[in-house]
file model_3.txt (compact mmCIF, C-alpha atoms)
# COMPACT_ATOMS: atom_id res chain seq x y z
CA MET I 125 -31.85 12.52 -48.55
CA ASN I 126 -31.04 14.87 -51.45
CA LYS I 127 -27.60 15.46 -52.93
CA GLU I 128 -27.29 18.86 -51.28
CA ASN I 129 -27.68 17.37 -47.78
CA ILE I 130 -25.19 14.65 -48.58
CA LYS I 131 -22.72 17.27 -49.74
CA ILE I 132 -23.17 19.36 -46.60
CA GLY I 133 -22.77 16.27 -44.39
CA ALA I 134 -19.59 15.29 -46.20
CA LEU I 135 -18.17 18.79 -45.71
CA PHE I 136 -18.91 18.68 -41.98
CA PHE I 137 -17.22 15.28 -41.72
CA LEU I 138 -14.14 16.49 -43.58
CA ALA I 139 -13.96 19.62 -41.41
CA ALA I 140 -14.13 17.52 -38.21
CA LEU I 141 -11.48 15.13 -39.54
CA LEU I 142 -9.22 18.04 -40.44
CA ALA I 143 -9.65 19.52 -36.94
CA VAL I 144 -8.60 16.21 -35.34
CA ILE I 145 -5.54 16.00 -37.59
CA VAL I 146 -4.53 19.58 -36.72
CA VAL I 147 -4.92 18.96 -32.98
CA ARG I 148 -2.86 15.80 -33.15
CA CYS I 149 -0.14 17.49 -35.16
CA LYS I 150 0.08 20.36 -32.67
CA ASN I 151 -0.26 18.08 -29.63
CA PRO I 152 1.23 14.73 -30.65
CA LYS I 153 1.17 13.37 -27.07
CA VAL I 154 -2.54 13.99 -26.37
CA ALA I 155 -3.74 10.81 -28.04
CA SER I 156 -1.01 8.67 -26.47
CA ASP I 157 -0.80 10.16 -22.95
CA TYR I 158 -3.06 7.47 -21.54
CA PHE I 159 -0.81 4.75 -22.94
CA THR I 160 2.41 6.39 -21.75
CA PRO I 161 1.90 7.12 -18.02
CA GLU I 162 4.19 9.60 -16.32
CA VAL I 163 7.42 7.96 -15.19
CA LEU I 164 8.33 8.96 -11.63
CA ALA I 165 11.70 7.21 -11.53
CA THR I 166 13.68 4.49 -13.27
CA HIS I 167 15.00 1.57 -11.26
CA PHE I 168 18.61 0.50 -11.65
CA ASN I 169 17.40 -2.56 -13.60
CA GLY I 170 15.79 -0.30 -16.22
CA GLU I 171 12.18 -0.85 -15.10
CA GLN I 172 10.09 2.30 -14.58
CA PHE I 173 7.96 3.43 -11.62
CA VAL I 174 4.61 5.04 -12.42
CA GLY I 175 3.16 5.37 -8.89
CA SER I 176 0.43 3.50 -7.06
CA GLU I 177 -2.19 6.00 -8.33
CA THR I 178 -2.10 4.12 -11.62
CA CYS I 179 -3.01 0.88 -9.84
CA LYS I 180 -6.39 2.12 -8.67
CA GLU I 181 -7.82 1.95 -12.20
CA CYS I 182 -8.08 -1.83 -11.85
CA HIS I 183 -7.43 -2.40 -8.13
CA SER I 184 -9.43 0.39 -6.51
CA ALA I 185 -10.42 -1.48 -3.33
CA ILE I 186 -6.85 -2.58 -2.60
CA TYR I 187 -5.55 0.88 -3.46
CA GLU I 188 -7.96 2.61 -1.07
CA SER I 189 -7.25 0.21 1.81
CA HIS I 190 -3.47 0.37 1.44
CA LEU I 191 -3.59 4.16 1.86
CA LYS I 192 -4.50 3.52 5.52
CA THR I 193 -1.56 1.21 6.27
CA ALA I 194 1.51 2.13 8.29
CA HIS I 195 3.61 0.95 5.35
CA PHE I 196 2.15 3.51 2.97
CA ASN I 197 2.29 6.26 5.60
CA THR I 198 5.85 5.60 6.69
CA SER I 199 7.09 8.65 4.76
CA ALA I 200 5.49 11.65 3.10
CA PRO I 201 6.12 15.34 2.39
CA ALA I 202 5.60 17.28 5.62
CA ASN I 203 2.36 19.18 6.16
CA ALA I 204 0.02 20.13 9.01
CA GLU I 205 -2.03 16.95 8.70
CA ARG I 206 0.96 14.61 8.80
CA ILE I 207 3.13 16.19 11.53
CA LYS I 208 1.90 14.92 14.90
CA GLY I 209 3.84 17.25 17.21
CA SER I 210 2.43 20.47 18.64
CA PHE I 211 3.65 23.94 17.64
CA LYS I 212 1.99 25.68 20.59
CA GLU I 213 4.30 27.76 22.75
CA ASP I 214 3.94 25.60 25.84
CA ALA I 215 4.71 22.35 23.98
CA ASN I 216 7.14 23.15 21.17
CA THR I 217 10.56 23.06 22.86
CA VAL I 218 13.26 20.45 23.51
CA ASN I 219 16.22 21.33 25.74
CA LEU I 220 19.62 19.79 25.02
CA ASP I 221 22.94 20.37 26.79
CA ASP I 222 24.08 23.14 24.45
CA VAL I 223 20.99 24.28 22.54
CA ARG I 224 17.26 24.74 22.74
CA LEU I 225 15.20 23.34 19.87
CA VAL I 226 12.03 25.28 19.10
CA MET I 227 9.46 24.03 16.59
CA GLU I 228 7.59 26.77 14.73
CA GLU I 229 5.04 27.04 11.95
CA ASN I 230 5.23 29.88 9.44
CA ASN I 231 2.85 30.24 6.51
CA ARG I 232 2.01 26.51 6.42
CA ALA I 233 5.68 25.51 6.54
CA PHE I 234 7.32 23.93 9.61
CA TYR I 235 10.75 24.54 11.06
CA GLU I 236 13.18 23.42 13.75
CA HIS I 237 15.02 26.43 15.23
CA THR I 238 18.34 25.62 16.94
CA ILE I 239 19.09 28.29 19.54
CA PRO I 240 22.48 28.16 21.38
CA LYS I 241 22.29 28.43 25.16
CA TRP I 242 25.59 30.29 25.42
CA GLY I 243 27.50 32.89 23.41
CA GLY I 244 29.61 31.83 20.47
CA GLY I 245 27.08 29.42 19.07
CA LYS I 246 25.24 29.93 15.82
CA LYS I 247 21.48 29.94 15.51
CA SER I 248 20.14 27.88 12.62
CA VAL I 249 16.77 27.13 11.06
CA GLN I 250 15.96 23.90 9.25
CA LYS I 251 12.74 23.11 7.47
CA MET I 252 10.76 19.94 8.11
CA ASP I 253 10.55 18.62 4.56
CA ILE I 254 9.76 14.93 5.06
CA VAL I 255 7.85 13.07 7.76
CA ILE I 256 9.24 9.63 8.60
CA GLY I 257 6.91 7.26 10.44
CA SER I 258 3.15 6.83 10.47
CA GLY I 259 2.93 8.12 14.05
CA VAL I 260 1.87 4.82 15.65
CA LYS I 261 4.96 4.91 17.88
CA GLY I 262 6.47 8.19 16.79
CA GLN I 263 7.90 10.23 13.93
CA SER I 264 11.19 11.67 12.79
CA TYR I 265 11.74 14.43 10.27
CA LEU I 266 14.15 14.99 7.39
CA THR I 267 15.35 18.23 5.85
CA TRP I 268 16.79 19.03 2.44
CA ASP I 269 19.95 21.14 2.13
CA LEU I 270 19.93 21.57 -1.65
CA ASP I 271 20.11 17.90 -2.71
CA ARG I 272 21.55 16.62 0.57
CA LEU I 273 19.25 14.92 3.05
CA TYR I 274 19.62 15.08 6.86
CA GLN I 275 17.63 13.89 9.86
CA LEU I 276 16.53 16.64 12.21
CA GLN I 277 17.54 16.50 15.85
CA VAL I 278 13.96 16.51 17.05
CA SER I 279 11.47 13.65 16.87
CA TYR I 280 7.93 13.11 18.09
CA TYR I 281 7.11 10.38 20.64
CA THR I 282 3.52 9.17 20.53
CA PRO I 283 3.20 7.63 24.03
CA THR I 284 3.91 11.02 25.67
CA ASP I 285 2.53 13.18 22.85
CA SER I 286 5.67 15.28 22.95
CA TRP I 287 8.79 16.35 21.07
CA ILE I 288 12.00 14.55 22.09
CA ASN I 289 15.64 14.32 21.11
CA SER I 290 15.76 11.85 18.21
CA PRO I 291 16.57 8.24 19.24
CA ASN I 292 20.32 7.52 19.49
CA PHE I 293 21.23 11.19 18.98
CA PRO I 294 23.68 12.69 21.51
CA SER I 295 22.34 15.23 23.98
CA ARG I 296 24.27 17.94 22.14
CA SER I 297 23.43 19.52 18.78
CA THR I 298 24.56 17.40 15.82
CA GLU I 299 23.54 16.43 12.31
CA ARG I 300 22.89 13.02 10.79
CA PRO I 301 23.20 12.47 7.01
CA ILE I 302 20.55 10.16 5.56
CA THR I 303 21.83 7.33 3.36
CA ASP I 304 19.96 4.57 1.53
CA ALA I 305 20.42 2.27 4.52
CA CYS I 306 18.25 4.69 6.54
CA LEU I 307 15.77 5.52 3.81
CA LYS I 308 15.18 2.13 2.18
CA CYS I 309 12.49 1.01 4.65
CA HIS I 310 10.58 4.28 4.50
CA ALA I 311 10.41 4.91 0.74
CA THR I 312 9.53 2.93 -2.35
CA PHE I 313 12.51 4.37 -4.22
CA ALA I 314 15.18 7.03 -3.86
CA ASN I 315 17.88 7.84 -6.40
CA ASN I 316 21.18 8.35 -4.59
CA ARG I 317 23.91 10.10 -6.56
CA GLU I 318 26.39 7.67 -4.99
CA PRO I 319 25.86 4.23 -6.66
CA SER I 320 26.57 2.38 -3.41
CA GLY I 321 23.86 4.37 -1.62
CA ASN I 322 26.31 5.48 1.07
CA GLY I 323 26.06 9.18 0.26
CA ASN I 324 23.28 11.58 1.22
CA GLN I 325 22.90 13.37 -2.13
CA TYR I 326 19.70 12.47 -3.99
CA ILE I 327 17.85 13.36 -7.16
CA LYS I 328 14.93 14.81 -5.24
CA GLU I 329 12.28 14.48 -7.94
CA ASN I 330 12.88 10.71 -8.16
CA THR I 331 11.89 10.10 -4.54
CA ILE I 332 8.75 7.95 -4.19
CA TYR I 333 7.42 8.25 -0.64
CA GLY I 334 5.89 5.51 1.46
CA ILE I 335 5.97 1.78 0.84
CA ASP I 336 3.51 1.56 -2.02
CA CYS I 337 2.40 -1.03 -4.58
CA GLU I 338 5.57 -0.95 -6.67
CA ARG I 339 7.89 -1.58 -3.73
CA CYS I 340 6.43 -5.05 -3.31
CA HIS I 341 5.17 -5.75 -6.84
CA ARG I 342 8.11 -4.21 -8.77
CA PRO I 343 8.07 -1.14 -11.07
CA ALA I 344 4.86 -1.37 -13.09
CA ALA I 345 5.17 0.80 -16.23
CA LYS I 346 5.12 -2.13 -18.68
CA HIS I 347 2.24 -3.76 -16.81
CA VAL I 348 0.14 -0.57 -16.85
CA ILE I 349 0.81 0.20 -20.52
CA TYR I 350 -0.05 -3.34 -21.60
CA HIS I 351 -3.33 -3.49 -19.71
CA ARG I 352 -4.43 -0.02 -20.78
CA LYS I 353 -3.95 -1.12 -24.37
CA ASN I 354 -5.58 -4.50 -23.70
CA PRO I 355 -8.44 -3.80 -21.26
CA GLY I 356 -9.98 -7.20 -21.88
CA ALA I 357 -6.88 -9.14 -20.85
CA THR I 358 -7.46 -11.22 -17.71
CA THR I 359 -3.93 -12.51 -17.16
CA ALA I 360 -1.56 -10.04 -15.50
CA LYS I 361 1.40 -9.26 -17.73
CA PHE I 362 4.82 -7.94 -16.76
CA MET I 363 4.27 -8.57 -13.05
CA ILE I 364 5.58 -11.41 -10.92
CA PRO I 365 2.73 -13.38 -9.31
CA ILE I 366 4.01 -13.31 -5.73
CA ASP I 367 2.01 -16.38 -4.72
CA THR I 368 3.94 -18.47 -7.28
CA LEU I 369 7.34 -17.66 -5.74
CA SER I 370 9.13 -19.97 -3.36
CA ARG I 371 8.61 -19.31 0.33
CA GLN I 372 12.05 -17.75 0.71
CA LEU I 373 11.52 -15.39 -2.22
CA ARG I 374 8.12 -14.40 -0.80
CA LEU I 375 9.72 -13.77 2.57
CA ASP I 376 12.53 -11.75 1.01
CA ALA I 377 10.05 -9.09 -0.10
CA CYS I 378 9.44 -8.39 3.62
CA VAL I 379 12.90 -9.38 4.86
CA GLN I 380 14.55 -6.46 3.06
CA CYS I 381 13.18 -4.24 5.86
CA HIS I 382 12.23 -6.63 8.64
CA SER I 383 15.53 -8.42 9.25
CA GLY I 384 17.66 -5.76 10.87
CA LEU I 385 20.15 -3.35 9.35
CA ARG I 386 21.53 -5.67 6.62
CA SER I 387 24.68 -3.61 6.88
CA GLN I 388 26.77 -5.85 4.60
CA GLN I 389 25.88 -4.59 1.11
CA LEU I 390 27.16 -7.15 -1.41
CA LYS I 391 25.72 -5.81 -4.65
CA GLY I 392 24.31 -2.50 -5.84
CA SER I 393 22.63 -0.28 -3.27
CA PRO I 394 19.87 -0.95 -0.69
CA PHE I 395 17.28 0.02 -3.34
CA SER I 396 18.67 -2.40 -5.97
CA PHE I 397 16.74 -5.45 -4.73
CA VAL I 398 13.28 -6.07 -6.19
CA THR I 399 10.76 -8.76 -5.33
CA GLY I 400 11.59 -12.03 -7.07
CA ASP I 401 15.33 -11.60 -6.53
CA ARG I 402 17.27 -13.50 -3.89
CA LEU I 403 17.94 -10.93 -1.16
CA ASP I 404 21.09 -12.59 0.16
CA THR I 405 22.84 -11.85 -3.13
CA TYR I 406 22.40 -8.13 -2.40
CA SER I 407 22.94 -7.82 1.34
CA LYS I 408 23.61 -9.71 4.55
CA ASN I 409 22.48 -9.08 8.08
CA TYR I 410 25.08 -8.43 10.74
CA TYR I 411 23.11 -10.74 13.02
CA SER I 412 23.18 -13.77 10.67
CA GLY I 413 23.74 -16.96 12.63
CA ARG I 414 23.20 -15.45 16.05
CA PRO I 415 20.84 -17.16 18.51
CA ASP I 416 17.33 -15.73 18.70
CA THR I 417 17.97 -14.56 22.26
CA GLU I 418 20.32 -11.90 20.83
CA LEU I 419 17.92 -10.70 18.15
CA ASP I 420 16.16 -7.45 18.94
CA VAL I 421 12.41 -7.09 18.64
CA HIS I 422 12.95 -3.85 16.71
CA GLY I 423 13.74 -4.56 13.08
CA ASN I 424 14.56 -8.26 13.05
CA GLN I 425 11.08 -9.73 13.12
CA TYR I 426 12.20 -12.19 10.42
CA GLY I 427 14.99 -13.65 12.55
CA LEU I 428 12.58 -14.10 15.45
CA LEU I 429 9.82 -15.60 13.32
CA THR I 430 12.10 -18.15 11.66
CA SER I 431 13.31 -19.23 15.11
CA SER I 432 9.74 -20.05 16.11
CA ALA I 433 8.40 -23.61 16.29
CA CYS I 434 5.32 -22.49 14.32
CA PHE I 435 7.49 -21.44 11.40
CA GLU I 436 9.68 -24.53 11.51
CA ALA I 437 6.62 -26.80 11.53
CA SER I 438 4.79 -24.96 8.73
CA PRO I 439 6.52 -25.29 5.33
CA LYS I 440 4.25 -22.69 3.71
CA MET I 441 4.18 -20.11 6.50
CA ASP I 442 5.40 -16.64 5.57
CA CYS I 443 4.66 -13.07 6.69
CA THR I 444 1.43 -12.85 4.70
CA THR I 445 0.07 -15.93 6.45
CA CYS I 446 -0.87 -13.56 9.27
CA HIS I 447 -0.48 -10.09 7.75
CA SER I 448 -2.21 -8.53 4.77
CA PRO I 449 0.05 -5.78 3.38
CA HIS I 450 -3.03 -4.20 1.78
CA GLU I 451 -4.92 -3.53 5.04
CA ASN I 452 -4.45 -1.78 8.36
CA GLN I 453 -4.92 -4.66 10.82
CA ARG I 454 -3.33 -3.07 13.88
CA GLY I 455 -5.29 -3.88 17.03
CA ASN I 456 -7.52 -6.45 15.31
CA THR I 457 -7.15 -9.08 18.02
CA THR I 458 -9.95 -11.27 16.71
CA TYR I 459 -8.36 -11.50 13.27
CA PHE I 460 -4.94 -12.53 14.60
CA ASN I 461 -6.41 -15.00 17.10
CA GLN I 462 -8.28 -16.64 14.22
CA LYS I 463 -4.99 -16.99 12.38
CA CYS I 464 -3.62 -18.92 15.36
CA ILE I 465 -6.74 -21.05 15.71
CA SER I 466 -6.72 -21.91 12.01
CA CYS I 467 -3.63 -24.04 12.69
CA HIS I 468 -4.20 -24.82 16.38
CA SER I 469 -7.78 -25.94 16.62
CA SER I 470 -9.46 -25.44 19.98
CA ASN I 471 -9.70 -29.24 20.35
CA THR I 472 -5.93 -29.68 20.38
CA ILE I 473 -4.72 -26.59 22.23
CA GLU I 474 -3.27 -27.21 25.65
CA CYS I 475 -3.05 -23.86 27.37
CA SER I 476 -1.29 -23.65 30.75
CA VAL I 477 -3.25 -20.54 31.74
CA ASP I 478 -6.40 -21.35 33.71
CA GLN I 479 -9.68 -20.64 31.94
CA LEU I 480 -10.64 -17.76 34.24
CA GLU I 481 -7.38 -15.89 33.62
CA SER I 482 -7.43 -16.70 29.91
CA GLY I 483 -10.99 -15.35 29.71
CA SER I 484 -9.99 -12.14 31.47
CA MET I 485 -7.34 -11.65 28.77
CA GLY I 486 -9.94 -12.07 26.06
CA ASN I 487 -8.51 -15.46 25.06
CA ASN I 488 -5.82 -13.47 23.28
CA CYS I 489 -3.20 -15.89 21.92
CA ILE I 490 -0.93 -13.04 20.79
CA ALA I 491 -0.72 -11.39 24.22
CA CYS I 492 0.82 -14.53 25.71
CA HIS I 493 2.79 -16.02 22.84
CA MET I 494 4.00 -12.84 21.12
CA PRO I 495 4.22 -10.38 24.00
CA VAL I 496 5.04 -6.71 23.70
CA SER I 497 8.72 -6.51 24.67
CA PRO I 498 11.31 -3.78 25.27
CA SER I 499 13.71 -3.09 22.42
CA LYS I 500 17.42 -3.21 23.20
CA THR I 501 18.28 -0.85 20.35
CA MET I 502 15.36 1.56 20.04
CA LYS I 503 15.44 3.76 23.15
CA VAL I 504 14.40 7.33 23.86
CA LYS I 505 15.23 10.00 26.43
CA LEU I 506 12.35 12.24 27.39
CA ALA I 507 14.73 14.83 28.87
CA THR I 508 18.49 15.40 28.83
CA ASP I 509 18.82 14.34 32.46
CA SER I 510 16.49 11.35 32.24
CA VAL I 511 17.32 7.68 31.79
CA GLU I 512 16.83 6.12 28.36
CA ILE I 513 13.65 4.10 28.18
CA PRO I 514 13.03 1.35 25.61
CA VAL I 515 10.35 1.44 22.96
CA TYR I 516 8.05 -1.55 23.38
CA ILE I 517 7.44 -3.67 20.27
CA ARG I 518 5.59 -6.94 19.78
CA SER I 519 7.96 -9.88 19.56
CA HIS I 520 7.73 -12.15 16.53
CA LEU I 521 9.32 -15.04 18.38
CA ILE I 522 6.22 -17.19 18.81
CA ALA I 523 6.89 -19.13 22.01
CA THR I 524 5.70 -20.01 25.49
CA TYR I 525 6.75 -17.23 27.86
CA PRO I 526 6.71 -17.21 31.66
CA ILE I 527 3.41 -15.91 33.00
CA PRO I 528 4.07 -12.62 34.85
CA SER I 529 3.57 -12.98 38.58
CA LYS I 530 0.73 -11.02 40.08
CA PRO I 531 1.63 -8.19 42.49
call {"tool": "encode", "arguments": {"input": "model_3.txt", "output": "structure tokens"}}
result
Amino acid sequence: MNKENIKIGALFFLAALLAVIVVRCKNPKVASDYFTPEVLATHFNGEQFVGSETCKECHSAIYESHLKTAHFNTSAPANAERIKGSFKEDANTVNLDDVRLVMEENNRAFYEHTIPKWGGGKKSVQKMDIVIGSGVKGQSYLTWDLDRLYQLQVSYYTPTDSWINSPNFPSRSTERPITDACLKCHATFANNREPSGNGNQYIKENTIYGIDCERCHRPAAKHVIYHRKNPGATTAKFMIPIDTLSRQLRLDACVQCHSGLRSQQLKGSPFSFVTGDRLDTYSKNYYSGRPDTELDVHGNQYGLLTSSACFEASPKMDCTTCHSPHENQRGNTTYFNQKCISCHSSNTIECSVDQLESGSMGNNCIACHMPVSPSKTMKVKLATDSVEIPVYIRSHLIATYPIPSKP
């Protein structure tokens, strides 16, 4: 290579280096964007949420499967794909004592129109901004009024594929402010302007919908930054290994939503607790100490489970013994039966149901020992003049129940 070529090559190299320097000076964040992921919200403990999208870089299979779970889909911005109710003229109305509720779609946005039945009333229109519920049993809808959040009067009931008056709403037009106590089991994080969480004013852009990775594994900014900078690291940093926690601390990650209202807030707000903390230092359940016969199947699955002989006899049993939070397992009878059989081998089971009847039920342990039961608190009215009917939910009190008599 002659000197002239070397000189030309050196000039090209210097020009390229200068271009890089100029770009970095004009756009100082470009080079570091990857190592400083967008922060969606900051928890009260100072840790930062970066969203479950960041998790799929290293945990793609888990990420993809958790998108199909009822947990992840328990809240989301409203759109045509997520709202289950019909907007057709023959199926979009709910009649109350004083108003008629009409659901309408306009330019890909969805609204609840409140139309008074008599003079003197005021017509109002409220937008469906947030869908609450995956739609397995039903959905409710929230609306923003500036930064204030309210539940709409109308809900969707899956068993009848119809709009209904929202559960526990009066049969007359009303409004229900949404506080942290309502929202905490349907969102990963929400930033209430009232530190106790009792108000309904929120910093909207800090809302993280659904129960995603960071609700159970804690805010992950430090973890993501570390592992992006150290791609060869094999030990997870800045995350609590859940399987190393005590049974009670593992349970508490689920108990925060599956133990009833926990209406006695002792510390912070309902979003203050994070996995690894002791939940009872943050909140108490109104039903603490009550017999399992008074616990409702809706909400307090923890109270029912811990009253079960299976739980009492199994020192390591927790919610994840039977449930994978990363997968949609609903209706997978074989899977859950295998969970029972893994502790109760077929050689030791003494079943009081005769073999013929047991066979006709598909040898389904869950159907007998965790039956679908009517909720005492979650009830719906399909019309203003109809009787309230309970929502049926599978009991988590694992027990021997009377065999229903045949007609």
call {"tool": "closest_residue", "arguments": {"input": "model_3.txt", "among": "I:Ser320, I:Ser499, I:Asn203, I:Gln453", "to": "Glu229 (chain I)", "atoms": "only C-alpha atoms"}}
result
I:Asn203
call {"tool": "closest_residue", "arguments": {"input": "model_3.txt", "among": "I:Thr457, I:Ser383, I:Ser210, I:Gln372", "to": "Tyr281 (chain I)", "atoms": "all atoms listed in the file"}}
result
I:Ser210
call {"tool": "closest_residue", "arguments": {"input": "model_3.txt", "among": "I:Val398, I:Ile349, I:Leu307, I:Ala215", "to": "Gly170 (chain I)", "atoms": "all atoms listed in the file"}}
result
I:Val398
call {"tool": "atom_distance", "arguments": {"input": "model_3.txt", "atom1": "CA of Thr298 (chain I)", "atom2": "CA of Leu385 (chain I)"}}
result
22.2 Å
call {"tool": "closest_residue", "arguments": {"input": "model_3.txt", "among": "I:Val163, I:Ala523, I:Leu220, I:Leu191", "to": "Pro449 (chain I)", "atoms": "all atoms listed in the file"}}
result
I:Leu191
